[in-house]
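Structure file work-v2.txt (compact mmCIF, C-alpha atoms and all ligand atoms) is printed below.
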```txt
# COMPACT_ATOMS: atom_id res chain seq x y z
CA MET A 1 10.13 -25.65 -8.82
CA LEU A 2 10.46 -22.06 -7.63
CA THR A 3 12.25 -21.46 -4.35
CA ILE A 4 10.44 -19.50 -1.66
CA VAL A 5 12.30 -16.32 -0.76
CA LYS A 6 12.62 -15.80 3.00
CA TYR A 7 12.86 -12.74 5.22
CA PRO A 8 14.98 -10.51 5.13
CA GLU A 9 15.52 -10.71 1.34
CA SER A 10 15.07 -7.20 -0.06
CA VAL A 11 12.62 -8.25 -2.81
CA LEU A 12 10.04 -8.84 -0.04
CA ARG A 13 10.22 -5.13 0.79
CA GLU A 14 9.88 -3.80 -2.74
CA LYS A 15 6.69 -2.47 -4.27
CA ALA A 16 5.86 -4.99 -6.99
CA VAL A 17 5.50 -3.76 -10.57
CA PRO A 18 2.11 -4.07 -12.36
CA VAL A 19 1.90 -6.70 -15.09
CA GLU A 20 1.53 -5.16 -18.55
CA LYS A 21 -0.36 -7.98 -20.20
CA MET A 22 -1.24 -11.62 -19.97
CA ASP A 23 1.21 -13.70 -21.96
CA LYS A 24 2.80 -17.14 -22.02
CA LYS A 25 5.45 -16.05 -19.50
CA LEU A 26 2.81 -14.94 -16.99
CA ASP A 27 0.87 -18.16 -17.52
CA VAL A 28 4.01 -20.18 -16.71
CA LEU A 29 4.72 -18.02 -13.66
CA ILE A 30 1.18 -18.54 -12.31
CA ASN A 31 1.47 -22.30 -12.75
CA ASP A 32 4.91 -22.43 -11.13
CA MET A 33 3.74 -20.28 -8.23
CA ALA A 34 0.75 -22.58 -7.70
CA ASP A 35 3.06 -25.62 -7.65
CA SER A 36 5.29 -23.96 -5.04
CA MET A 37 2.30 -22.96 -2.92
CA TYR A 38 0.92 -26.51 -2.86
CA GLU A 39 4.37 -28.03 -2.34
CA ASN A 40 4.84 -25.85 0.75
CA ASP A 41 1.29 -26.37 2.07
CA GLY A 42 0.52 -22.67 1.72
CA VAL A 43 -2.92 -21.13 1.15
CA GLY A 44 -1.50 -18.22 -0.83
CA LEU A 45 1.64 -16.96 -2.51
CA ALA A 46 2.71 -13.64 -4.02
CA ALA A 47 5.29 -13.30 -6.81
CA PRO A 48 7.82 -11.38 -4.62
CA GLN A 49 7.95 -14.54 -2.47
CA VAL A 50 9.55 -16.36 -5.39
CA GLY A 51 11.87 -13.43 -6.05
CA ILE A 52 9.78 -11.82 -8.80
CA SER A 53 8.69 -8.27 -8.13
CA LYS A 54 5.45 -8.39 -10.11
CA GLN A 55 1.84 -7.93 -9.04
CA VAL A 56 0.77 -11.56 -9.20
CA ILE A 57 -0.87 -13.67 -6.49
CA VAL A 58 -2.19 -17.22 -6.28
CA LEU A 59 -4.33 -18.71 -3.53
CA ASP A 60 -6.33 -21.73 -2.59
CA ILE A 61 -8.24 -21.85 0.68
CA GLY A 62 -9.66 -25.26 -0.17
CA HIS A 63 -12.09 -24.25 -2.92
CA GLY A 64 -9.69 -24.49 -5.85
CA LEU A 65 -6.90 -22.40 -7.28
CA ARG A 66 -7.46 -18.72 -7.89
CA SER A 67 -4.95 -16.35 -9.38
CA LEU A 68 -5.02 -12.62 -9.90
CA TYR A 69 -2.70 -10.10 -11.37
CA ASN A 70 -2.69 -6.37 -10.64
CA PRO A 71 -5.14 -6.93 -7.76
CA GLU A 72 -6.44 -3.89 -5.99
CA ILE A 73 -8.61 -3.56 -2.89
CA ILE A 74 -11.42 -1.21 -3.84
CA GLU A 75 -13.62 -1.59 -0.75
CA LYS A 76 -13.00 -2.48 2.90
CA SER A 77 -15.44 -2.97 5.76
CA ASP A 78 -15.05 -0.84 8.88
CA GLU A 79 -15.47 -3.98 10.91
CA GLU A 80 -12.20 -5.81 11.56
CA GLU A 81 -11.27 -9.31 12.65
CA SER A 82 -8.09 -10.48 14.31
CA MET A 83 -6.54 -13.83 13.47
CA GLU A 84 -3.15 -15.47 13.78
CA GLU A 85 -1.31 -15.56 10.45
CA GLY A 86 1.79 -17.31 9.23
CA CYS A 87 3.82 -16.70 6.09
CA LEU A 88 5.99 -19.00 3.96
CA SER A 89 8.63 -16.26 3.87
CA LEU A 90 8.71 -16.04 7.68
CA PRO A 91 9.03 -19.64 8.89
CA GLU A 92 8.06 -20.38 12.50
CA ILE A 93 6.55 -16.93 12.96
CA LEU A 94 2.90 -16.32 13.80
CA VAL A 95 1.40 -12.87 14.27
CA HIS A 96 -2.09 -11.76 15.26
CA VAL A 97 -3.20 -9.46 12.47
CA SER A 98 -6.34 -7.34 12.57
CA ARG A 99 -7.87 -6.79 9.13
CA PRO A 100 -11.16 -5.63 7.61
CA SER A 101 -13.48 -8.65 7.67
CA ARG A 102 -14.98 -7.95 4.24
CA ILE A 103 -13.30 -6.54 1.15
CA VAL A 104 -13.83 -6.18 -2.57
CA VAL A 105 -10.83 -6.84 -4.81
CA ARG A 106 -10.54 -6.02 -8.47
CA GLY A 107 -7.95 -7.61 -10.73
CA ARG A 108 -7.41 -9.81 -13.73
CA ASN A 109 -7.56 -13.57 -13.56
CA GLU A 110 -5.50 -16.20 -15.40
CA TYR A 111 -7.91 -15.95 -18.37
CA ASP A 112 -7.13 -12.23 -18.56
CA LYS A 113 -10.67 -11.45 -17.49
CA LEU A 114 -11.32 -8.40 -15.30
CA VAL A 115 -12.91 -9.76 -12.13
CA GLN A 116 -14.29 -8.33 -8.93
CA VAL A 117 -14.07 -10.60 -5.91
CA GLU A 118 -16.29 -9.95 -2.88
CA ALA A 119 -14.58 -11.72 -0.03
CA GLU A 120 -15.06 -12.34 3.66
CA GLY A 121 -13.59 -14.65 6.27
CA LEU A 122 -10.48 -16.59 5.31
CA LEU A 123 -10.64 -15.55 1.65
CA ALA A 124 -10.62 -11.86 2.60
CA ARG A 125 -7.73 -12.46 4.95
CA VAL A 126 -5.57 -14.37 2.45
CA LEU A 127 -6.24 -11.82 -0.30
CA GLN A 128 -5.17 -8.98 1.99
CA HIS A 129 -2.08 -10.87 3.15
CA GLU A 130 -0.98 -11.54 -0.45
CA ILE A 131 -1.76 -8.01 -1.64
CA ASP A 132 0.34 -6.74 1.29
CA HIS A 133 3.27 -8.68 -0.19
CA LEU A 134 2.85 -6.68 -3.41
CA ASN A 135 3.31 -3.54 -1.35
CA GLY A 136 6.35 -4.81 0.54
CA LEU A 137 4.39 -5.41 3.75
CA LEU A 138 4.93 -8.44 5.99
CA ILE A 139 2.95 -9.80 8.95
CA VAL A 140 5.70 -8.74 11.38
CA ASP A 141 4.82 -5.14 10.49
CA PHE A 142 1.46 -5.68 12.20
CA ALA A 143 2.89 -7.10 15.43
CA SER A 144 2.18 -5.20 18.64
CA SER A 145 5.23 -3.91 20.49
CA VAL A 146 4.91 -6.78 22.99
CA ALA A 147 4.68 -9.37 20.21
CA ARG A 148 7.55 -7.70 18.41
CA SER A 149 9.90 -8.22 21.36
CA PHE A 150 8.94 -11.89 21.40
CA LEU A 151 9.65 -12.15 17.68
CA LYS A 152 13.04 -10.48 17.87
CA SER A 153 15.12 -13.62 18.40
CA LYS A 154 13.28 -15.53 15.66
CA LEU A 155 13.82 -12.67 13.21
CA LYS A 156 17.51 -12.48 14.16
CA LYS A 157 17.85 -16.18 13.41
CA LEU A 158 16.33 -15.66 9.94
CA GLU A 159 18.61 -12.66 9.35
CA LYS A 160 21.65 -14.86 10.03
CA ASN A 161 20.55 -17.42 7.44
CA LEU A 162 20.76 -14.87 4.66
ZN ZN A 201 3.08 -14.21 3.26
```

Would you mind writing the file's structure down as C-alpha cells?
Amino acid sequence: MLTIVKYPESVLREKAVPVEKMDKKLDVLINDMADSMYENDGVGLAAPQVGISKQVIVLDIGHGLRSLYNPEIIEKSDEEESMEEGCLSLPEILVHVSRPSRIVVRGRNEYDKLVQVEAEGLLARVLQHEIDHLNGLLIVDFASSVARSFLKSKLKKLEKNL
C-alpha cells in the first residue's frame, strides 16, 4: 500500500513530469494509487500525493474508477461554481474553491487510449483538483485571506509533523 504524502512535503509543490509511455510500471502505479484512494475514502488521487512526481491521476466519484495520465484541461467554462473541498494531503482542512463548472480534459487512459472527457459538476471539480496537484497547487492556495488566517494554526500543526 502506498503512503499518502502530507503537506508540507516538497513533492506536493513540484511540477509533475509527463509520462513517456504506458508500461507495466505505470499499470502497477495506477492500481496501487487506486487502492490507496479507496483505502483512504478519497474521490481522487494524484501521483505526487504518493511521492511520485509524474502526471498520473485516478478518481472515482461513485461511477467507477477512472485514471488518466498526462491530463490537460483544454477548455473551461466562464461560469464558475464554489464548493468546499478537502484533500488527503491536507487532513482536517476544508477550503471553498471556486472553479469553472464545465471543463474538457484530454489525456490517456489506463488502456493507453487518447480520451477527451467532457465534465461538469463533481467530476469537473475532482479533475481540476487532481490536475492542480500535477502543477504543485493545493487547495490552501485558493483560500481567501480571511480563510487563510483561520487555516494558519492547522497548517502549522501539519508543518510540525514533518
Ligand atoms: Zn488533493

Give as a compact mmCIF listing (two decimals) with C-alpha atoms, keeping the file's coordinate frame every residue, naming chains and numbers as the document does, that has an atom within 12 Å of (15.0, -9.6, 1.9), counting only C-alpha atoms.
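The resulting file, selection31.txt, is shown below:
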```txt
# COMPACT_ATOMS: atom_id res chain seq x y z
CA ILE A 4 10.44 -19.50 -1.66
CA VAL A 5 12.30 -16.32 -0.76
CA LYS A 6 12.62 -15.80 3.00
CA TYR A 7 12.86 -12.74 5.22
CA PRO A 8 14.98 -10.51 5.13
CA GLU A 9 15.52 -10.71 1.34
CA SER A 10 15.07 -7.20 -0.06
CA VAL A 11 12.62 -8.25 -2.81
CA LEU A 12 10.04 -8.84 -0.04
CA ARG A 13 10.22 -5.13 0.79
CA GLU A 14 9.88 -3.80 -2.74
CA PRO A 48 7.82 -11.38 -4.62
CA GLN A 49 7.95 -14.54 -2.47
CA VAL A 50 9.55 -16.36 -5.39
CA GLY A 51 11.87 -13.43 -6.05
CA SER A 53 8.69 -8.27 -8.13
CA SER A 89 8.63 -16.26 3.87
CA LEU A 90 8.71 -16.04 7.68
CA HIS A 133 3.27 -8.68 -0.19
CA GLY A 136 6.35 -4.81 0.54
CA LEU A 137 4.39 -5.41 3.75
CA LEU A 138 4.93 -8.44 5.99
CA LEU A 155 13.82 -12.67 13.21
CA LEU A 158 16.33 -15.66 9.94
CA GLU A 159 18.61 -12.66 9.35
CA LYS A 160 21.65 -14.86 10.03
CA ASN A 161 20.55 -17.42 7.44
CA LEU A 162 20.76 -14.87 4.66
```

(request) Go through A:Glu80, A:Glu72, A:Val126, A:Gly121 one by one, measure the shortest atom-to-atom distance of each to Arg106 (chain A) using only C-alpha atoms, and give the residue with the smallest value. (result) A:Glu72

(request) Scan for residues within 12 Å of the point (8.9, -15.6, 14.6) in the coordinates of the file, using all atoms listed in the file, and reply as number ranges by chain. (result) A: 7, 85-96, 138-141, 143, 147-159

(request) Record the distance separating CA of Met37 (chain A) and CA of Arg66 (chain A), expressed in Å with one decimal. (result) 11.7 Å

(request) For each of A:Glu130, A:Ser67, A:Val146, A:Met33, take the minimum atom-to-atom distance to ligand ZN 201 (chain A), counting only C-alpha atoms and all ligand atoms, then give the residue where this is smallest. (result)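 Ranking A:Glu130, A:Ser67, A:Val146, A:Met33 by distance to ligand ZN 201 (chain A), first place goes to A:Glu130.
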
(message) Quick check, in Å to one decimal: how far apart do CA of Pro18 (chain A) and CA of Leu45 (chain A) lie?
(response) 16.2 Å

(message) What's the separation between CA of Gly62 (chain A) and CA of Lys15 (chain A), in Å to one decimal place?
(response)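 Interatomic distance here is 28.3 Å.
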
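Shortest atom-to-atom contact with Ala47 (chain A) among A:Glu75, A:Leu134, A:Phe142, A:Leu122: A:Leu134, counting all atoms listed in the file.
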
Listed atoms of region 106-125 of chain A, axis-aligned box, 5 Å per side: centre and edge lengths to one decimal in Å, as AutoDock Vina command-line options?
```
--center_x -10.9 --center_y -11.3 --center_z -6.1 --size_x 20.8 --size_y 20.6 --size_z 34.8
```

Excluding Lys24 (chain A) and any residue of its chain fewer than 5 positions from it, enumerate the residues within 12 Å of it, using all atoms listed in the file, and give them as a tab-separated table (two decimals) with C-alpha atoms, keeping the file's coordinate frame.
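The file below, part-v8.tsv, is the result:
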```
chain	number	residue	atom	x	y	z
A	29	LEU	CA	4.72	-18.02	-13.66
A	30	ILE	CA	1.18	-18.54	-12.31
A	31	ASN	CA	1.47	-22.30	-12.75
A	110	GLU	CA	-5.50	-16.20	-15.40
A	111	TYR	CA	-7.91	-15.95	-18.37
A	112	ASP	CA	-7.13	-12.23	-18.56
```

(message) Let me make sure I understand: among A:Ile57, A:Ile73, A:Val115, A:Leu123, which one has the smallest atom-to-atom distance to ligand ZN 201 (chain A) if we use only C-alpha atoms and all ligand atoms?
(response)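 Checking each of A:Ile57, A:Ile73, A:Val115, A:Leu123 against ligand ZN 201 (chain A), counting only C-alpha atoms and all ligand atoms, the winner is A:Ile57.
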
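Residues within 7 Å of Val43 (chain A), counting only C-alpha atoms and excluding same-chain residues fewer than 2 positions away, are Met37, Asp41, Leu59, Asp60 and Ile61 of chain A.
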
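Distances from A:Met22, A:Ala119, A:Met83, A:Ala34 to Val97 (chain A) were compared using all atoms listed in the file, and the smallest one belongs to A:Met83.
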